[in-house]
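**Q** Contents of query13.cif (mmCIF, C-alpha atoms) are below:
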```cif
data_run
loop_
_atom_site.label_atom_id
_atom_site.label_comp_id
_atom_site.auth_asym_id
_atom_site.auth_seq_id
_atom_site.Cartn_x
_atom_site.Cartn_y
_atom_site.Cartn_z
CA MET G 1 11.17 79.76 152.22
CA SER G 2 14.69 80.83 151.51
CA ALA G 3 17.51 78.87 153.06
CA GLU G 4 19.11 81.80 154.83
CA LYS G 5 15.88 82.76 156.64
CA GLU G 6 16.46 83.26 160.32
CA PRO G 7 14.86 80.69 162.62
CA LEU G 8 11.88 82.05 164.58
CA PHE G 9 13.71 81.90 167.87
CA SER G 10 17.26 82.73 166.89
CA SER G 11 19.48 84.04 169.66
CA LYS G 12 19.04 87.56 168.28
CA ASN G 13 15.27 87.24 168.51
CA ILE G 14 15.43 85.79 172.01
CA LYS G 15 17.49 88.81 172.99
CA LEU G 16 14.61 91.06 171.86
CA LEU G 17 12.37 89.23 174.26
CA THR G 18 14.67 89.02 177.29
CA GLY G 19 16.63 92.28 176.99
CA PRO G 20 13.83 94.46 178.30
CA LEU G 21 13.42 92.18 181.31
CA ASN G 22 16.79 93.25 182.62
CA ASP G 23 19.42 95.25 180.69
CA SER G 24 17.02 97.62 178.95
CA ASN G 25 14.02 97.43 181.24
CA PRO G 26 11.58 100.19 180.26
CA ILE G 27 10.85 101.25 183.84
CA THR G 28 14.04 100.74 185.79
CA VAL G 29 16.62 101.48 183.09
CA GLN G 30 14.87 103.72 180.58
CA VAL G 31 12.59 105.21 183.25
CA LEU G 32 9.51 105.28 181.01
CA GLY G 33 5.91 104.62 181.94
CA ILE G 34 6.42 105.66 185.55
CA CYS G 35 3.08 107.44 185.85
CA SER G 36 0.94 104.34 185.45
CA ALA G 37 3.40 102.31 187.50
CA LEU G 38 2.64 104.60 190.42
CA ALA G 39 -1.08 104.65 189.94
CA VAL G 40 -2.19 101.08 189.37
CA THR G 41 0.11 99.21 191.74
CA VAL G 42 -1.90 99.42 194.96
CA LYS G 43 -3.12 95.85 194.43
CA VAL G 44 -1.64 92.97 192.44
CA LYS G 45 -4.77 92.08 190.50
CA PRO G 46 -5.33 95.43 188.77
CA ALA G 47 -1.58 95.68 188.17
CA PHE G 48 -1.68 92.29 186.44
CA VAL G 49 -4.63 93.27 184.28
CA MET G 50 -2.91 96.56 183.44
CA ALA G 51 0.28 94.72 182.48
CA LEU G 52 -1.73 92.35 180.32
CA SER G 53 -3.57 95.23 178.64
CA VAL G 54 -0.29 96.98 177.87
CA LEU G 55 1.09 93.71 176.50
CA VAL G 56 -1.82 93.29 174.10
CA VAL G 57 -1.78 96.93 172.98
CA MET G 58 1.97 96.90 172.52
CA ALA G 59 2.29 93.59 170.69
CA VAL G 60 -0.56 94.33 168.30
CA SER G 61 0.39 97.92 167.54
CA ASN G 62 4.01 96.92 167.00
CA VAL G 63 2.92 94.31 164.46
CA VAL G 64 0.48 96.65 162.73
CA ILE G 65 3.02 99.45 162.43
CA SER G 66 5.66 97.02 161.27
CA LEU G 67 3.34 95.75 158.53
CA LEU G 68 2.59 99.30 157.46
CA ARG G 69 6.18 100.48 157.75
CA LYS G 70 6.79 100.68 154.00
CA THR G 71 3.57 102.58 153.30
CA VAL G 72 3.50 105.08 156.16
CA PRO G 73 4.54 108.54 154.94
CA PRO G 74 7.25 109.70 157.39
CA ARG G 75 5.67 113.12 157.75
CA ILE G 76 2.54 111.72 159.43
CA ARG G 77 4.09 108.69 161.08
CA ILE G 78 3.53 109.92 164.63
CA ILE G 79 -0.16 110.48 163.90
CA VAL G 80 -0.43 107.03 162.37
CA GLN G 81 1.20 105.49 165.44
CA LEU G 82 -1.17 107.36 167.72
CA VAL G 83 -4.23 106.25 165.78
CA VAL G 84 -3.15 102.62 165.94
CA ILE G 85 -2.40 102.79 169.67
CA ALA G 86 -5.58 104.70 170.45
CA ALA G 87 -7.70 102.19 168.53
CA MET G 88 -6.13 99.29 170.42
CA VAL G 89 -6.55 100.99 173.78
CA ILE G 90 -10.22 101.70 173.16
CA LEU G 91 -10.74 98.06 172.17
CA VAL G 92 -9.02 96.83 175.34
CA ASP G 93 -11.00 99.28 177.47
CA GLN G 94 -14.29 98.13 175.95
CA VAL G 95 -13.43 94.47 176.48
CA LEU G 96 -12.48 95.11 180.12
CA LYS G 97 -15.73 96.99 180.70
CA ALA G 98 -17.66 94.09 179.24
CA PHE G 99 -15.92 91.18 180.93
CA LEU G 100 -13.87 92.45 183.89
CA TYR G 101 -16.09 95.24 185.12
CA ASP G 102 -14.77 95.40 188.70
CA ILE G 103 -11.17 95.67 187.63
CA SER G 104 -12.02 98.13 184.91
CA LYS G 105 -13.59 100.33 187.62
CA GLN G 106 -10.39 100.18 189.66
CA LEU G 107 -8.15 100.95 186.70
CA SER G 108 -10.55 103.74 185.70
CA VAL G 109 -8.77 106.31 183.56
CA PHE G 110 -5.46 104.50 183.49
CA VAL G 111 -6.54 102.12 180.75
CA GLY G 112 -7.30 105.13 178.58
CA LEU G 113 -3.95 106.60 179.53
CA ILE G 114 -2.10 103.62 178.05
CA ILE G 115 -2.27 105.77 174.91
CA THR G 116 0.15 108.20 176.50
CA ASN G 117 2.46 105.49 177.83
CA CYS G 118 5.77 106.52 176.35
CA ILE G 119 7.04 102.94 176.23
CA ILE G 120 4.59 102.10 173.46
CA MET G 121 5.24 105.14 171.28
CA GLY G 122 8.94 104.75 171.94
CA ARG G 123 9.04 101.16 170.70
CA LEU G 124 6.91 101.94 167.63
CA GLU G 125 9.16 104.81 166.66
CA ALA G 126 12.47 103.17 167.51
CA PHE G 127 11.83 99.58 166.51
CA ALA G 128 8.63 98.66 164.66
CA LEU G 129 9.06 101.30 161.95
CA SER G 130 12.29 99.70 160.77
CA ASN G 131 11.91 96.00 161.55
CA LYS G 132 9.96 92.98 160.36
CA PRO G 133 6.63 92.05 161.98
CA TRP G 134 7.87 88.97 163.89
CA GLN G 135 10.81 90.81 165.45
CA SER G 136 8.52 93.73 166.25
CA PHE G 137 6.07 91.38 167.90
CA LEU G 138 8.83 89.93 170.08
CA ASP G 139 10.10 93.38 170.90
CA GLY G 140 6.60 94.47 171.92
CA VAL G 141 6.01 91.43 174.08
CA GLY G 142 9.45 91.76 175.66
CA ASN G 143 9.08 95.42 176.55
CA ALA G 144 5.54 94.97 177.84
CA ALA G 145 6.74 92.03 179.94
CA GLY G 146 9.60 94.13 181.31
CA TYR G 147 7.06 96.79 182.25
CA GLY G 148 4.61 94.25 183.64
CA VAL G 149 7.17 92.45 185.79
CA ILE G 150 8.11 95.67 187.57
CA LEU G 151 4.45 96.58 187.95
CA ILE G 152 3.68 93.27 189.59
CA ILE G 153 6.72 93.36 191.88
CA VAL G 154 5.82 96.86 193.05
CA ALA G 155 2.16 95.90 193.48
CA PHE G 156 3.14 92.77 195.43
CA PHE G 157 5.03 94.75 198.06
CA ARG G 158 2.51 97.56 198.20
CA GLU G 159 -0.41 95.20 198.65
CA LEU G 160 1.41 93.00 201.15
CA LEU G 161 2.57 95.85 203.37
CA GLY G 162 -0.31 98.22 202.71
CA SER G 163 -3.29 95.91 202.95
CA GLY G 164 -1.87 92.64 204.28
CA THR G 165 -3.16 90.75 201.24
CA VAL G 166 -1.83 89.35 197.97
CA TRP G 167 -4.17 89.03 194.96
CA GLY G 168 -6.97 89.85 197.44
CA PHE G 169 -6.20 86.93 199.75
CA LYS G 170 -5.22 87.59 203.34
CA VAL G 171 -1.63 86.43 203.90
CA ILE G 172 -0.72 88.18 207.13
CA PRO G 173 -2.42 86.12 209.84
CA GLU G 174 -4.82 87.75 212.29
CA SER G 175 -2.57 86.78 215.22
CA VAL G 176 0.16 89.12 213.96
CA TYR G 177 -2.33 92.00 214.14
CA ASP G 178 -3.16 90.99 217.70
CA PHE G 179 0.49 91.64 218.58
CA GLY G 180 0.06 95.21 217.43
CA TYR G 181 1.13 94.96 213.76
CA GLU G 182 -0.64 97.43 211.54
CA ASN G 183 -0.96 97.82 207.79
CA ASN G 184 1.17 100.67 206.56
CA GLY G 185 -1.26 103.21 205.12
CA LEU G 186 1.58 105.05 203.40
CA MET G 187 2.16 102.06 201.10
CA ILE G 188 -1.23 102.68 199.51
CA LEU G 189 -0.31 106.21 198.47
CA PRO G 190 1.61 106.90 195.22
CA PRO G 191 4.85 108.23 196.81
CA MET G 192 5.64 104.77 198.18
CA ALA G 193 5.39 103.32 194.68
CA LEU G 194 8.11 105.70 193.63
CA ILE G 195 10.27 104.60 196.54
CA VAL G 196 9.64 100.91 195.81
CA VAL G 197 10.62 101.50 192.16
CA GLY G 198 13.73 103.26 193.45
CA VAL G 199 14.63 100.29 195.62
CA ILE G 200 14.17 97.95 192.65
CA ILE G 201 16.48 100.12 190.54
CA TRP G 202 19.06 100.03 193.34
CA VAL G 203 18.89 96.25 193.72
CA GLN G 204 19.07 95.77 189.95
CA ARG G 205 22.14 98.00 189.58
CA ALA G 206 23.87 96.39 192.54
CA LYS G 207 23.60 93.05 190.73
CA ASN G 208 24.13 94.25 187.19
CA LYS G 209 27.26 96.44 187.22
CA LYS G 210 27.15 97.40 183.56
CA LEU G 211 24.04 99.51 184.17
CA VAL G 212 25.94 101.77 186.55
CA GLU G 213 26.91 105.00 184.83
CA SER G 214 30.64 105.69 185.05
CA ASN G 215 31.50 109.31 185.47
CA MET B 1 14.08 108.65 152.14
CA ARG B 2 11.23 108.21 149.70
CA SER B 3 9.01 111.26 149.48
CA TYR B 4 5.26 110.98 149.37
CA SER B 5 2.83 113.27 147.58
CA ASN B 6 0.16 115.14 149.50
CA THR B 7 -2.52 113.14 147.71
CA TYR B 8 -0.97 109.92 148.94
CA ILE B 9 -0.86 111.25 152.49
CA PHE B 10 -4.51 112.29 152.37
CA ILE B 11 -5.65 108.99 150.90
CA PHE B 12 -3.53 107.01 153.35
CA SER B 13 -4.89 108.82 156.38
CA SER B 14 -8.52 108.71 155.19
CA ILE B 15 -8.41 104.98 154.59
CA MET B 16 -6.72 104.36 157.91
CA VAL B 17 -9.24 106.43 159.83
CA ILE B 18 -12.19 104.78 158.13
CA ILE B 19 -10.89 101.29 158.90
CA VAL B 20 -10.23 102.18 162.53
CA ALA B 21 -13.64 103.81 162.92
CA ALA B 22 -15.40 100.79 161.47
CA LEU B 23 -13.48 98.43 163.70
CA LEU B 24 -14.25 100.38 166.84
CA SER B 25 -17.95 100.78 166.05
CA VAL B 26 -18.32 97.06 165.50
CA ALA B 27 -16.55 96.35 168.79
CA ALA B 28 -18.63 98.89 170.68
CA MET B 29 -21.88 97.49 169.27
CA THR B 30 -21.07 93.88 170.08
CA LEU B 31 -19.83 94.58 173.59
CA GLN B 32 -22.54 97.03 174.60
CA PRO B 33 -25.05 94.45 175.93
CA PHE B 34 -22.39 92.97 178.24
CA GLN B 35 -21.40 96.40 179.52
CA LYS B 36 -25.01 97.42 180.19
CA LYS B 37 -25.53 94.20 182.09
CA ASN B 38 -22.47 94.91 184.27
CA VAL B 39 -23.69 98.38 185.15
CA GLU B 40 -27.09 96.94 186.04
CA ILE B 41 -25.59 94.23 188.23
CA ASN B 42 -23.42 96.81 189.94
CA LYS B 43 -26.49 98.90 190.71
CA LYS B 44 -28.31 95.87 192.10
CA GLN B 45 -25.33 95.06 194.30
CA ASN B 46 -25.37 98.60 195.68
CA ILE B 47 -29.06 98.40 196.41
CA LEU B 48 -28.55 95.09 198.22
CA THR B 49 -25.69 96.52 200.24
CA SER B 50 -27.98 99.26 201.56
CA ILE B 51 -30.18 96.62 203.20
CA ASN B 52 -27.02 94.94 204.51
CA ILE B 53 -27.06 91.98 202.12
CA GLU B 54 -23.64 91.00 200.84
CA SER B 55 -23.67 89.93 197.19
CA SER B 56 -21.17 89.05 194.52
CA ALA B 57 -21.46 89.81 190.82
CA LYS B 58 -22.63 86.22 190.34
CA ASN B 59 -25.49 86.02 192.82
CA ALA B 60 -26.58 89.68 192.79
CA GLU B 61 -29.44 89.09 190.32
CA GLU B 62 -30.80 86.16 192.25
CA LEU B 63 -30.65 87.93 195.63
CA TYR B 64 -32.15 91.05 194.09
CA GLU B 65 -35.14 89.06 192.82
CA LYS B 66 -35.52 87.51 196.25
CA TYR B 67 -35.44 90.64 198.42
CA ILE B 68 -36.66 93.51 196.25
CA LEU B 69 -40.43 93.35 195.99
CA GLU B 70 -41.38 96.44 194.12
CA ILE B 71 -39.88 99.40 192.27
CA PHE B 72 -41.84 102.44 191.30
CA ALA B 73 -41.45 106.16 190.79
CA ILE B 74 -43.24 108.91 192.68
CA ASN B 75 -43.39 112.67 192.26
CA THR B 76 -42.64 115.18 195.02
CA LYS B 77 -46.33 115.19 196.01
CA GLY B 78 -45.97 111.52 196.83
CA GLU B 79 -48.16 110.24 193.99
CA LYS B 80 -47.11 107.15 192.07
CA GLN B 81 -46.08 107.86 188.51
CA GLU B 82 -47.29 105.50 185.79
CA GLY B 83 -45.30 104.50 182.73
CA VAL B 84 -41.85 105.24 184.15
CA ASP B 85 -39.19 102.56 184.34
CA ALA B 86 -38.04 103.37 187.86
CA PHE B 87 -34.94 101.17 187.70
CA LYS B 88 -33.54 103.16 184.80
CA ILE B 89 -34.10 106.59 186.35
CA ASP B 90 -30.94 108.67 186.37
CA MET B 91 -30.89 110.67 189.61
CA LYS B 92 -28.54 113.25 188.14
CA LYS B 93 -31.08 114.17 185.47
CA GLU B 94 -34.01 114.16 187.88
CA LEU B 95 -32.29 116.47 190.35
CA ALA B 96 -31.60 118.94 187.55
CA LYS B 97 -35.35 119.26 186.89
CA PRO B 98 -37.67 121.60 188.80
CA LEU B 99 -39.08 120.04 191.97
CA ASN B 100 -42.57 119.20 190.72
CA GLU B 101 -41.38 117.48 187.54
CA ARG B 102 -39.05 115.00 189.22
CA ASN B 103 -39.58 111.27 189.04
CA LEU B 104 -38.24 109.76 192.22
CA PRO B 105 -37.57 106.05 192.40
CA VAL B 106 -38.52 104.01 195.45
CA PHE B 107 -37.31 100.44 195.94
CA ILE B 108 -39.29 98.35 198.39
CA SER B 109 -37.66 95.29 199.86
CA SER B 110 -38.69 92.69 202.36
CA LEU B 111 -36.45 91.27 205.08
CA GLU B 112 -37.73 88.96 207.79
CA GLY B 113 -41.32 89.96 207.16
CA THR B 114 -40.84 93.72 207.42
CA LYS B 115 -40.77 96.27 204.63
CA GLN B 116 -37.85 98.55 203.85
CA TYR B 117 -37.83 101.63 201.67
CA ILE B 118 -34.65 102.15 199.67
CA ILE B 119 -34.03 105.66 198.42
CA PRO B 120 -31.31 106.57 195.90
CA VAL B 121 -29.28 109.67 196.67
CA TYR B 122 -26.99 111.68 194.40
CA GLY B 123 -24.82 114.72 195.06
CA LYS B 124 -21.47 116.44 194.74
CA GLY B 125 -18.27 115.62 196.57
CA LEU B 126 -15.02 117.51 196.33
CA TRP B 127 -13.82 116.27 192.93
CA GLY B 128 -16.88 114.77 191.34
CA PRO B 129 -20.24 113.13 191.85
CA ILE B 130 -21.06 110.97 194.86
CA TRP B 131 -24.10 108.74 195.08
CA GLY B 132 -25.58 105.92 197.06
CA TYR B 133 -28.65 104.29 198.56
CA VAL B 134 -30.26 104.77 201.95
CA ALA B 135 -32.55 102.05 203.31
CA LEU B 136 -35.20 103.05 205.84
CA LYS B 137 -37.01 100.68 208.18
CA ASP B 138 -40.80 100.46 208.00
CA ASP B 139 -41.19 103.36 210.46
CA LEU B 140 -39.87 105.44 207.50
CA SER B 141 -37.40 107.23 209.71
CA THR B 142 -34.81 104.84 211.11
CA ILE B 143 -31.90 104.08 208.80
CA LEU B 144 -31.32 100.37 208.31
CA GLY B 145 -28.31 100.80 206.11
CA ALA B 146 -26.58 103.21 203.78
CA THR B 147 -24.08 102.76 201.00
CA PHE B 148 -22.13 105.42 199.15
CA SER B 149 -19.88 105.46 196.12
CA HIS B 150 -17.86 108.19 194.52
CA LYS B 151 -16.19 108.95 191.22
CA GLY B 152 -12.85 110.24 192.47
CA GLU B 153 -12.70 111.55 196.02
CA THR B 154 -9.26 111.82 197.67
CA PRO B 155 -8.00 108.35 198.64
CA GLY B 156 -7.69 107.94 202.40
CA LEU B 157 -9.75 111.08 203.06
CA GLY B 158 -12.99 111.79 201.23
CA ALA B 159 -12.88 108.38 199.55
CA GLU B 160 -13.52 106.84 202.98
CA ILE B 161 -17.25 107.40 202.42
CA ASP B 162 -17.38 104.11 200.56
CA THR B 163 -16.03 102.15 203.53
CA LYS B 164 -18.05 100.07 205.99
CA ASP B 165 -16.59 102.13 208.81
CA PHE B 166 -18.21 105.35 207.62
CA GLN B 167 -21.42 103.77 206.39
CA SER B 168 -22.05 101.96 209.66
CA ARG B 169 -22.21 105.32 211.47
CA PHE B 170 -25.63 105.81 209.88
CA LEU B 171 -27.17 102.70 211.37
CA GLU B 172 -30.17 103.33 213.65
CA LYS B 173 -30.04 107.08 213.03
CA GLU B 174 -33.36 108.79 212.26
CA ILE B 175 -34.35 111.32 209.63
CA PHE B 176 -37.55 112.59 211.33
CA ASN B 177 -37.41 114.04 214.84
CA GLU B 178 -39.86 113.24 217.63
CA GLN B 179 -42.26 115.95 216.47
CA GLY B 180 -42.34 114.31 213.05
CA LYS B 181 -40.33 117.08 211.40
CA PHE B 182 -37.82 116.17 208.67
CA VAL B 183 -34.32 116.79 209.99
CA SER B 184 -32.18 114.36 207.95
CA VAL B 185 -28.94 113.07 209.46
CA SER B 186 -26.37 115.82 209.89
CA ILE B 187 -22.73 115.07 209.28
CA LEU B 188 -20.65 117.19 211.61
CA LYS B 189 -16.94 117.79 211.95
CA ALA B 190 -15.14 114.62 213.05
CA GLY B 191 -15.56 114.25 216.80
CA ALA B 192 -18.22 116.94 217.09
CA ALA B 193 -21.28 114.69 216.95
CA ASN B 194 -23.06 113.86 220.16
CA PRO B 195 -22.92 110.06 220.36
CA ASP B 196 -26.38 109.96 221.97
CA SER B 197 -28.03 112.00 219.24
CA LYS B 198 -30.12 110.12 216.73
CA TYR B 199 -29.75 112.84 214.13
CA GLU B 200 -26.03 113.50 213.81
CA ILE B 201 -22.86 111.57 213.04
CA ASP B 202 -19.17 112.32 212.78
CA GLY B 203 -17.76 113.28 209.39
CA ILE B 204 -14.37 112.23 208.09
CA SER B 205 -11.46 114.24 209.39
CA GLY B 206 -9.50 115.59 206.44
CA GLY B 207 -12.48 114.87 204.19
CA THR B 208 -14.54 117.89 205.19
CA ILE B 209 -15.82 118.87 201.76
CA THR B 210 -16.82 115.33 200.92
CA SER B 211 -18.55 115.00 204.31
CA VAL B 212 -20.43 118.23 203.70
CA GLY B 213 -21.33 116.86 200.25
CA VAL B 214 -22.84 113.73 201.77
CA ASP B 215 -24.73 115.89 204.27
CA ALA B 216 -26.17 118.08 201.51
CA MET B 217 -26.92 115.06 199.33
CA LEU B 218 -28.99 113.42 202.08
CA LYS B 219 -30.91 116.62 202.83
CA ASP B 220 -31.63 117.32 199.14
CA CYS B 221 -32.63 113.85 198.10
CA LEU B 222 -34.48 112.66 201.17
CA SER B 223 -36.45 115.91 201.51
CA SER B 224 -38.02 115.26 198.08
CA TYR B 225 -39.59 112.15 199.57
CA GLU B 226 -40.93 113.91 202.68
CA THR B 227 -44.53 114.17 201.45
CA TYR B 228 -44.53 110.57 200.28
CA PHE B 229 -43.35 109.34 203.68
CA LYS B 230 -45.91 111.48 205.50
CA ASN B 231 -48.72 110.17 203.26
CA ILE B 232 -47.85 106.58 204.12
CA LYS B 233 -47.59 107.26 207.82
CA ASN B 234 -51.02 108.89 208.01
#
```
For this file, produce the structure as structure tokens.
**A**
Amino acid sequence: MSAEKEPLFSSKNIKLLTGPLNDSNPITVQVLGICSALAVTVKVKPAFVMALSVLVVMAVSNVVISLLRKTVPPRIRIIVQLVVIAAMVILVDQVLKAFLYDISKQLSVFVGLIITNCIIMGRLEAFALSNKPWQSFLDGVGNAAGYGVILIIVAFFRELLGSGTVWGFKVIPESVYDFGYENNGLMILPPMALIVVGVIIWVQRAKNKKLVESN
Amino acid sequence: MRSYSNTYIFIFSSIMVIIVAALLSVAAMTLQPFQKKNVEINKKQNILTSINIESSAKNAEELYEKYILEIFAINTKGEKQEGVDAFKIDMKKELAKPLNERNLPVFISSLEGTKQYIIPVYGKGLWGPIWGYVALKDDLSTILGATFSHKGETPGLGAEIDTKDFQSRFLEKEIFNEQGKFVSVSILKAGAANPDSKYEIDGISGGTITSVGVDAMLKDCLSSYETYFKNIKN
């Protein structure tokens, strides 16, 4: 190993991992991947599995593309990226069907639609094609985590208010219902996911002033 | 930017596609037994739900062995068919065949010393297929339980057919009237059903097309078994 080799977790590399959690969050700052964020966040458990699936797909395809980056002809690079992503998504889908059948039924088409998740293509194109595998891996994990965190926060509120449960466990006691409390059916429908995402964006920008556009 | 020749591009893409194809086929082959097993367990759970037995993915097989006594296929004349694996029958394919060529599965279960007849049903909802199981008591008319599933009905409206609330409306309803004529259970507009009637129930308001689909599904599928039921009764 050469002496000037960067340490595995240099501050620059750590930034790749933590940046997407806040300053460049794929959902709340770049507003990518909204479609699946609306669809799979009715309950926490499927949202968690979805986040995990995206993490695997993203980390692996980032590394694969990064390894191939010097051999991929630029003219067909988008096709190459798609093939890699599609292959990973099919693998994940097959594994879910084999080992997490119930959740795979709930996620239904949305696992397949990870292929069209713009976060993944975006990172491959913008980062993996011009960076080393380790950095690309971190970037993939970071962005997927940024996506997953939002997914889980949204799902937490939607499940809590919409079904009175978290991760399938009842958390709102029966006595509250006796007083006339009712689950909010609207929370289960996609429009509320959009509003919850909006609230998260608002809270994030209120705390992090540099994200606020100045014009 | 380095330029690449067409030959290079062709070779690159061919190799890539072949590697990916090989990888995916291997994965599909190795995972297939697990996936088949899951589908089977899911089906068993549905069948158990129709006779009001709660099961989880873990104990479904065991409970199924315990309660389901017999599975066989009949034709529309009510005669048992030999050499057909009734559990594997795909209702969609059978319903596409002409009446007299259909193989119709019957699941017989035993609860507290009485026999139940479980009949699979399959039909169309608003957006896609709907299916389920109807369990009849040993008088072959009274419904002991019903369970329905759907591919993609509208959440909150048509999709309500897979809830306990809707399914429990079928309990104690009858599919043959007092004169012994097949009438099925009619699903009417929400609120229109006479609560004293044994042959009608309320549909789902806002889920009219799905409700009509369930109604048609019951009439279509159960009527194929009419002769079989009459043969047993006589």
**Q** Just the residues within 7 Å of Val154 (chain G), please, counting all atoms listed in the file, with nothing from its chain fewer than 3 positions along; format it as an MDAnalysis selection string.
**A** chainID G and resid 41 150:151 157:158 193 196:197
**Q** Rank B:Leu218, B:Leu104, B:Lys198, B:Gly203 by their smallest atom-to-atom distance to Asp165 (chain B), using only C-alpha atoms, and report the top residue only.
**A**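 Looking at the shortest contact to Asp165 (chain B), the residue is B:Gly203.
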**Q** Please work out which residues fall within 7 Å of (16.0, 96.9, 187.4), coordinates as given in the file, with only C-alpha atoms counting, and return them as a list in words.
**A** Asn22, Asn25, Thr28, Val29, Ile200, Ile201, Val203, Gln204 and Arg205 of chain G
**Q** Just how far from CA of Ile103 (chain G) is CA of Val26 (chain B), in Å to one decimal?
**A**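 Distance between the two atoms: 23.3 Å.
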**Q** Which residues of chain G come within 12 Å of chain B, and for each one, what is the closest pair of atoms and their distance in Å to one decimal, counting all atoms listed in the file, sorted by chain and residue number, as JSON lines?
**A**
```
{"residue": "G:Ala39", "atom": "CA", "partner": "B:Pro155", "partner_atom": "CA", "distance": 11.7}
{"residue": "G:Val42", "atom": "CA", "partner": "B:Pro155", "partner_atom": "CA", "distance": 11.4}
{"residue": "G:Val64", "atom": "CA", "partner": "B:Met16", "partner_atom": "CA", "distance": 11.6}
{"residue": "G:Ile65", "atom": "CA", "partner": "B:Met16", "partner_atom": "CA", "distance": 11.8}
{"residue": "G:Leu68", "atom": "CA", "partner": "B:Met16", "partner_atom": "CA", "distance": 10.6}
{"residue": "G:Lys70", "atom": "CA", "partner": "B:Arg2", "partner_atom": "CA", "distance": 9.7}
{"residue": "G:Thr71", "atom": "CA", "partner": "B:Phe12", "partner_atom": "CA", "distance": 8.4}
{"residue": "G:Val72", "atom": "CA", "partner": "B:Phe12", "partner_atom": "CA", "distance": 7.8}
{"residue": "G:Pro73", "atom": "CA", "partner": "B:Tyr4", "partner_atom": "CA", "distance": 6.1}
{"residue": "G:Pro74", "atom": "CA", "partner": "B:Ser3", "partner_atom": "CA", "distance": 8.3}
{"residue": "G:Arg75", "atom": "CA", "partner": "B:Ile9", "partner_atom": "CA", "distance": 8.6}
{"residue": "G:Ile76", "atom": "CA", "partner": "B:Ile9", "partner_atom": "CA", "distance": 7.7}
{"residue": "G:Arg77", "atom": "CA", "partner": "B:Ser13", "partner_atom": "CA", "distance": 10.1}
{"residue": "G:Ile78", "atom": "CA", "partner": "B:Ser13", "partner_atom": "CA", "distance": 11.8}
{"residue": "G:Ile79", "atom": "CA", "partner": "B:Ser13", "partner_atom": "CA", "distance": 9.0}
{"residue": "G:Val80", "atom": "CA", "partner": "B:Ser13", "partner_atom": "CA", "distance": 7.7}
{"residue": "G:Gln81", "atom": "CA", "partner": "B:Met16", "partner_atom": "CA", "distance": 11.0}
{"residue": "G:Leu82", "atom": "CA", "partner": "B:Val17", "partner_atom": "CA", "distance": 11.3}
{"residue": "G:Val83", "atom": "CA", "partner": "B:Val17", "partner_atom": "CA", "distance": 7.8}
{"residue": "G:Val84", "atom": "CA", "partner": "B:Val20", "partner_atom": "CA", "distance": 7.9}
{"residue": "G:Ile85", "atom": "CA", "partner": "B:Val20", "partner_atom": "CA", "distance": 10.6}
{"residue": "G:Ala86", "atom": "CA", "partner": "B:Val20", "partner_atom": "CA", "distance": 9.5}
{"residue": "G:Ala87", "atom": "CA", "partner": "B:Val20", "partner_atom": "CA", "distance": 6.5}
{"residue": "G:Met88", "atom": "CA", "partner": "B:Leu24", "partner_atom": "CA", "distance": 8.9}
{"residue": "G:Val89", "atom": "CA", "partner": "B:Leu24", "partner_atom": "CA", "distance": 10.4}
{"residue": "G:Ile90", "atom": "CA", "partner": "B:Leu24", "partner_atom": "CA", "distance": 7.6}
{"residue": "G:Leu91", "atom": "CA", "partner": "B:Leu24", "partner_atom": "CA", "distance": 6.8}
{"residue": "G:Val92", "atom": "CA", "partner": "B:Ala27", "partner_atom": "CA", "distance": 10.0}
{"residue": "G:Asp93", "atom": "CA", "partner": "B:Ala28", "partner_atom": "CA", "distance": 10.2}
{"residue": "G:Gln94", "atom": "CA", "partner": "B:Ala28", "partner_atom": "CA", "distance": 6.9}
{"residue": "G:Val95", "atom": "CA", "partner": "B:Leu31", "partner_atom": "CA", "distance": 7.0}
{"residue": "G:Leu96", "atom": "CA", "partner": "B:Gln35", "partner_atom": "CA", "distance": 9.0}
{"residue": "G:Lys97", "atom": "CA", "partner": "B:Gln35", "partner_atom": "CA", "distance": 5.8}
{"residue": "G:Ala98", "atom": "CA", "partner": "B:Gln35", "partner_atom": "CA", "distance": 4.4}
{"residue": "G:Phe99", "atom": "CA", "partner": "B:Phe34", "partner_atom": "CA", "distance": 7.2}
{"residue": "G:Leu100", "atom": "CA", "partner": "B:Asn38", "partner_atom": "CA", "distance": 9.0}
{"residue": "G:Tyr101", "atom": "CA", "partner": "B:Asn38", "partner_atom": "CA", "distance": 6.4}
{"residue": "G:Asp102", "atom": "CA", "partner": "B:Asn42", "partner_atom": "CA", "distance": 8.9}
{"residue": "G:Ile103", "atom": "CA", "partner": "B:Asn38", "partner_atom": "CA", "distance": 11.8}
{"residue": "G:Ser104", "atom": "CA", "partner": "B:Asn38", "partner_atom": "CA", "distance": 11.0}
{"residue": "G:Lys105", "atom": "CA", "partner": "B:Lys151", "partner_atom": "CA", "distance": 9.7}
{"residue": "G:Gln106", "atom": "CA", "partner": "B:Lys151", "partner_atom": "CA", "distance": 10.6}
{"residue": "G:Leu107", "atom": "CA", "partner": "B:Gly152", "partner_atom": "CA", "distance": 11.9}
{"residue": "G:Ser108", "atom": "CA", "partner": "B:Lys151", "partner_atom": "CA", "distance": 9.5}
{"residue": "G:Val109", "atom": "CA", "partner": "B:Gly152", "partner_atom": "CA", "distance": 10.6}
{"residue": "G:Gly185", "atom": "CA", "partner": "B:Gly156", "partner_atom": "CA", "distance": 8.4}
{"residue": "G:Leu186", "atom": "CA", "partner": "B:Gly156", "partner_atom": "CA", "distance": 9.8}
{"residue": "G:Met187", "atom": "CA", "partner": "B:Gly156", "partner_atom": "CA", "distance": 11.5}
{"residue": "G:Ile188", "atom": "CA", "partner": "B:Gly156", "partner_atom": "CA", "distance": 8.8}
{"residue": "G:Leu189", "atom": "CA", "partner": "B:Pro155", "partner_atom": "CA", "distance": 8.0}
{"residue": "G:Pro190", "atom": "CA", "partner": "B:Pro155", "partner_atom": "CA", "distance": 10.3}
```
